[in-house]
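So the structure is just underneath, and the comments pick up after that.
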Amino acid sequence: MSKPFEIDQDRKSRLGFEEVVYGAAKSVQLLEELLLEYNNQGQNVLVTKLQAEKAQVLQEVYPDSFYDPAGEIFMLKAIPQEKAVAEVGIISAGSSDMAAAHEAFYTLQYMGYPSALVQDIGVAGLHRLLDKIDLLRTYKILIVIAGFEGALPTVIGGLLPQPIIGVPTSTGYGTAKQGETALHAMLTSCANGITVVNIDNGYGAAMSAIRILQTFSK
């Protein structure tokens with residue numbers, strides 16, 4: 001019987017970054033088979049949206065692996081933190097947006113792009129954002145994460161010139177509609193040129209940032 005998966009070995013040379021495994025819909029058995037293939041080839045691999053109960057089983061098999069429960073990020077091999085100038089600022093409106101922020105942070109770390117988390121500076125306390133403006137100017141790209149009405153990317157887009165990637169999250173009550181309100185607000189932003197990814201998609205925002213950074217380095 002053939003394997004139910006085929007690793008994209010050519011993606012790095014074709015696109016400039018490795019294949020990433022989406023873990024949410026995969027069984028533990030399938031994930032074990034995937035990880036075994038990567039491990040046998042001496043390669044690391046990033047797994048996104050991996051539920052904690054699955055990660056616990058996998059970490060028993062691979063004790064040197066890494067798992068971040070907030071971002072639901074798993075790596076077959078932990079990557080040491082390096083002191084480097086962050087190129088991407090990951091800005092979250094509140095601590096409730098931590099999942100998407102951590103997903104973006106560790107995706108960038110895995111791909112070799114340093115980033116920094118700037119958390120809890122949403123529009124509900126605008127002074128906190130204004131206090132961080134000089135810091136935010138130092139990053140080449142800004143990933144801006146917000147739930148509720150999703151206003152933060154628009155506000156930052158009116159203050160700063162860098163490429164801005166908005167991430168709506170499913171945080172919020174009632175008519176926040178699991179992130180749909182924030183998504184629609186970001187898509188209709190009056191701040192020019194904001195890019196928007198799907199709801200809770202910190203991984204997608206990180207990959208968008210990487211594509212932009214790759215053009216900077218050419």
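Here's how to read the names in the structure tokens: chain A, B, ... by the order shown, residue numbers from 1 in each chain, ligand numbers from 1 in the order shown.
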For Leu129 in chain A: contacts at 12 Å, only C-alpha atoms, fewer than 4 positions along chain excluded, given as a PyMOL selection string = chain A and resi 91-94+118-125+133-136+144+152-153+155-156+159-160
Check your understanding: Can you tell me, as a ChimeraX atom specification, what residues are no more than 9 Å from Ala209 in chain A when counting only C-alpha atoms, ignoring any on the same chain fewer than 2 positions away?
Key -> /A:88,108,141-143,163-165,204-207,211-214
Hey, can you spit out that residue selection with C-alpha atoms as a PDB file, in the first residue's frame?
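Listed below is the output, selection-v2.pdb:
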ATOM      1  CA  VAL A  88       9.411  41.513  11.645  1.00  0.00           C
ATOM      2  CA  LEU A 108       9.370  32.873  11.379  1.00  0.00           C
ATOM      3  CA  ILE A 141       7.401  44.413   8.228  1.00  0.00           C
ATOM      4  CA  LEU A 142       4.566  44.539  10.758  1.00  0.00           C
ATOM      5  CA  ILE A 143       2.173  41.670  11.420  1.00  0.00           C
ATOM      6  CA  PRO A 163       4.171  46.677   4.808  1.00  0.00           C
ATOM      7  CA  ILE A 164       1.395  45.693   7.210  1.00  0.00           C
ATOM      8  CA  ILE A 165      -0.150  42.227   7.334  1.00  0.00           C
ATOM      9  CA  GLY A 204      -0.126  32.627   6.781  1.00  0.00           C
ATOM     10  CA  ALA A 205       0.906  36.093   7.953  1.00  0.00           C
ATOM     11  CA  ALA A 206       4.417  34.855   8.716  1.00  0.00           C
ATOM     12  CA  MET A 207       4.715  33.262   5.289  1.00  0.00           C
ATOM     13  CA  ARG A 211       7.886  36.264   0.731  1.00  0.00           C
ATOM     14  CA  ILE A 212       8.317  40.035   1.108  1.00  0.00           C
ATOM     15  CA  LEU A 213      11.648  39.688   2.923  1.00  0.00           C
ATOM     16  CA  GLN A 214      12.933  37.358   0.212  1.00  0.00           C
TER      17      GLN A 214
END
Residues near Asp68 in chain A, anyone? I mean within 9 Å using only C-alpha atoms, not counting same-chain ones fewer than 4 positions away, as a tab-separated table (two decimals) with C-alpha atoms, in the first residue's frame.
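Result file follows (around.tsv):
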chain	number	residue	atom	x	y	z
A	52	ALA	CA	-2.01	19.52	22.87
A	72	GLU	CA	-0.11	25.05	18.84
A	73	ILE	CA	3.26	24.87	17.10
A	74	PHE	CA	5.38	21.71	17.05
A	102	HIS	CA	2.91	32.78	18.77
A	103	GLU	CA	2.09	30.90	15.58
A	106	TYR	CA	7.63	30.39	15.75
Using only C-alpha atoms, the shortest atom-to-atom distance to Ala185 in chain A among A:Leu130, A:Asn201, A:Gly150, A:Phe216 belongs to A:Gly150
**Message:** Given only C-alpha atoms as the basis, pick out the residue of A:Ile199, A:Asn40, A:Leu46, A:Arg137 nearest to Val21 in chain A.
**Reply:**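 Smallest separation from Val21 in chain A among the options: A:Leu46.
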_Quick check for you: according to DSSP on this backbone, which residues of range 38-145 of chain A are classed as strand (DSSP E or B)? Reply as a list in words._
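Those in range 38-145 of chain A that DSSP calls strand (DSSP E or B) are Leu46, Val47, Thr48, Phe66, Tyr67, Asp68, Ile73, Phe74, Met75, Val88, Gly89, Ile90, Ile91, Ser92, Ser115, Ala116, Leu117, Val118, Ile141, Leu142, Ile143, Val144 and Ile145 of chain A.
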Correct to one decimal, the distance CA of Thr154 in chain A-CA of Phe17 in chain A is 29.5 Å
- Task: Give the answer as one residue: which of A:Ser115, A:Lys49, A:Asp97, A:Lys54 has the shortest atom-to-atom distance to Gln81 in chain A, using only C-alpha atoms?
- Result: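 Counting only C-alpha atoms, the residue closest to Gln81 in chain A is A:Ser115.
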From CA of Phe148 in chain A to CA of Val47 in chain A the spacing works out at 27.6 Å
Requested in this report: Run DSSP on the backbone and grab whatever in range 3-185 of chain A lands in alpha helix (DSSP H); send it over as a ChimeraX atom specification.
Outcome: /A:11-15,28-40,52-61,98-111,126-130,133-136,152-157,180-185
I'd like the contact shell of Thr171 in chain A - 12 Å cut-off, only C-alpha atoms, skipping same-chain residues fewer than 4 positions apart - returned as a list in words.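 Result of the neighbour search: Ser92, Ala93, Gly94, Ser95, Ser96, Asp97, Met98, Ala99, Ala100, Ile145, Ala146, Gly147, Phe148, Glu149, Gly150, Val167, Thr175, Ala176, Lys177, Gln178, Gly179, Glu180, Thr181, Ala182, Leu183, Ile199 and Asp200 of chain A.
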Could you save those same residues with N, CA and C atoms as a PDB file, in the first residue's frame?
ATOM      1  N   SER A  92       0.212  42.437  18.726  1.00  0.00           N
ATOM      2  CA  SER A  92      -1.114  41.925  19.053  1.00  0.00           C
ATOM      3  C   SER A  92      -1.885  42.951  19.866  1.00  0.00           C
ATOM      4  N   ALA A  93      -3.187  43.009  19.604  1.00  0.00           N
ATOM      5  CA  ALA A  93      -4.034  43.973  20.293  1.00  0.00           C
ATOM      6  C   ALA A  93      -4.198  43.625  21.764  1.00  0.00           C
ATOM      7  N   GLY A  94      -4.334  42.325  22.067  1.00  0.00           N
ATOM      8  CA  GLY A  94      -4.526  41.918  23.453  1.00  0.00           C
ATOM      9  C   GLY A  94      -3.972  40.534  23.701  1.00  0.00           C
ATOM     10  N   SER A  95      -3.934  40.152  24.979  1.00  0.00           N
ATOM     11  CA  SER A  95      -3.402  38.836  25.320  1.00  0.00           C
ATOM     12  C   SER A  95      -4.272  37.715  24.770  1.00  0.00           C
ATOM     13  N   SER A  96      -5.533  38.001  24.437  1.00  0.00           N
ATOM     14  CA  SER A  96      -6.411  36.994  23.842  1.00  0.00           C
ATOM     15  C   SER A  96      -6.008  36.641  22.415  1.00  0.00           C
ATOM     16  N   ASP A  97      -5.136  37.447  21.834  1.00  0.00           N
ATOM     17  CA  ASP A  97      -4.661  37.205  20.467  1.00  0.00           C
ATOM     18  C   ASP A  97      -3.325  36.461  20.453  1.00  0.00           C
ATOM     19  N   MET A  98      -2.938  35.909  21.595  1.00  0.00           N
ATOM     20  CA  MET A  98      -1.625  35.290  21.751  1.00  0.00           C
ATOM     21  C   MET A  98      -1.420  34.096  20.818  1.00  0.00           C
ATOM     22  N   ALA A  99      -2.470  33.335  20.552  1.00  0.00           N
ATOM     23  CA  ALA A  99      -2.315  32.130  19.730  1.00  0.00           C
ATOM     24  C   ALA A  99      -1.780  32.468  18.344  1.00  0.00           C
ATOM     25  N   ALA A 100      -2.395  33.427  17.680  1.00  0.00           N
ATOM     26  CA  ALA A 100      -1.941  33.813  16.342  1.00  0.00           C
ATOM     27  C   ALA A 100      -0.560  34.448  16.385  1.00  0.00           C
ATOM     28  N   ILE A 145      -2.192  41.913  14.716  1.00  0.00           N
ATOM     29  CA  ILE A 145      -3.186  40.905  15.061  1.00  0.00           C
ATOM     30  C   ILE A 145      -4.238  41.510  15.989  1.00  0.00           C
ATOM     31  N   ALA A 146      -5.520  41.342  15.630  1.00  0.00           N
ATOM     32  CA  ALA A 146      -6.583  41.908  16.463  1.00  0.00           C
ATOM     33  C   ALA A 146      -7.899  41.164  16.241  1.00  0.00           C
ATOM     34  N   GLY A 147      -8.664  41.060  17.319  1.00  0.00           N
ATOM     35  CA  GLY A 147     -10.016  40.526  17.243  1.00  0.00           C
ATOM     36  C   GLY A 147     -11.025  41.637  17.439  1.00  0.00           C
ATOM     37  N   PHE A 148     -12.179  41.309  18.020  1.00  0.00           N
ATOM     38  CA  PHE A 148     -13.257  42.272  18.234  1.00  0.00           C
ATOM     39  C   PHE A 148     -13.586  43.007  16.928  1.00  0.00           C
ATOM     40  N   GLU A 149     -13.406  44.341  16.888  1.00  0.00           N
ATOM     41  CA  GLU A 149     -13.715  45.090  15.661  1.00  0.00           C
ATOM     42  C   GLU A 149     -12.518  45.191  14.723  1.00  0.00           C
ATOM     43  N   GLY A 150     -11.361  44.659  15.105  1.00  0.00           N
ATOM     44  CA  GLY A 150     -10.212  44.582  14.203  1.00  0.00           C
ATOM     45  C   GLY A 150      -9.642  45.913  13.780  1.00  0.00           C
ATOM     46  N   VAL A 167      -4.011  40.347  10.749  1.00  0.00           N
ATOM     47  CA  VAL A 167      -4.521  39.016  11.103  1.00  0.00           C
ATOM     48  C   VAL A 167      -5.753  39.194  11.988  1.00  0.00           C
ATOM     49  N   THR A 175     -21.585  39.811  18.056  1.00  0.00           N
ATOM     50  CA  THR A 175     -21.462  40.163  16.645  1.00  0.00           C
ATOM     51  C   THR A 175     -20.020  40.215  16.157  1.00  0.00           C
ATOM     52  N   ALA A 176     -19.072  39.884  17.006  1.00  0.00           N
ATOM     53  CA  ALA A 176     -17.710  39.655  16.505  1.00  0.00           C
ATOM     54  C   ALA A 176     -17.693  38.440  15.573  1.00  0.00           C
ATOM     55  N   LYS A 177     -18.673  37.538  15.742  1.00  0.00           N
ATOM     56  CA  LYS A 177     -18.921  36.421  14.815  1.00  0.00           C
ATOM     57  C   LYS A 177     -17.669  35.592  14.541  1.00  0.00           C
ATOM     58  N   GLN A 178     -16.978  35.226  15.631  1.00  0.00           N
ATOM     59  CA  GLN A 178     -15.804  34.348  15.507  1.00  0.00           C
ATOM     60  C   GLN A 178     -14.740  34.885  14.548  1.00  0.00           C
ATOM     61  N   GLY A 179     -14.609  36.199  14.517  1.00  0.00           N
ATOM     62  CA  GLY A 179     -13.564  36.824  13.707  1.00  0.00           C
ATOM     63  C   GLY A 179     -14.028  37.412  12.389  1.00  0.00           C
ATOM     64  N   GLU A 180     -15.262  37.142  12.000  1.00  0.00           N
ATOM     65  CA  GLU A 180     -15.735  37.653  10.704  1.00  0.00           C
ATOM     66  C   GLU A 180     -15.812  39.176  10.702  1.00  0.00           C
ATOM     67  N   THR A 181     -16.224  39.763  11.822  1.00  0.00           N
ATOM     68  CA  THR A 181     -16.303  41.225  11.892  1.00  0.00           C
ATOM     69  C   THR A 181     -14.923  41.849  11.755  1.00  0.00           C
ATOM     70  N   ALA A 182     -13.933  41.299  12.463  1.00  0.00           N
ATOM     71  CA  ALA A 182     -12.561  41.812  12.348  1.00  0.00           C
ATOM     72  C   ALA A 182     -12.024  41.624  10.933  1.00  0.00           C
ATOM     73  N   LEU A 183     -12.322  40.484  10.317  1.00  0.00           N
ATOM     74  CA  LEU A 183     -11.883  40.234   8.938  1.00  0.00           C
ATOM     75  C   LEU A 183     -12.461  41.265   7.994  1.00  0.00           C
ATOM     76  N   ILE A 199      -8.797  34.378   9.166  1.00  0.00           N
ATOM     77  CA  ILE A 199      -9.016  34.438  10.611  1.00  0.00           C
ATOM     78  C   ILE A 199      -8.079  33.470  11.344  1.00  0.00           C
ATOM     79  N   ASP A 200      -7.403  33.980  12.358  1.00  0.00           N
ATOM     80  CA  ASP A 200      -6.496  33.208  13.223  1.00  0.00           C
ATOM     81  C   ASP A 200      -5.290  32.631  12.473  1.00  0.00           C
TER      82      ASP A 200
END
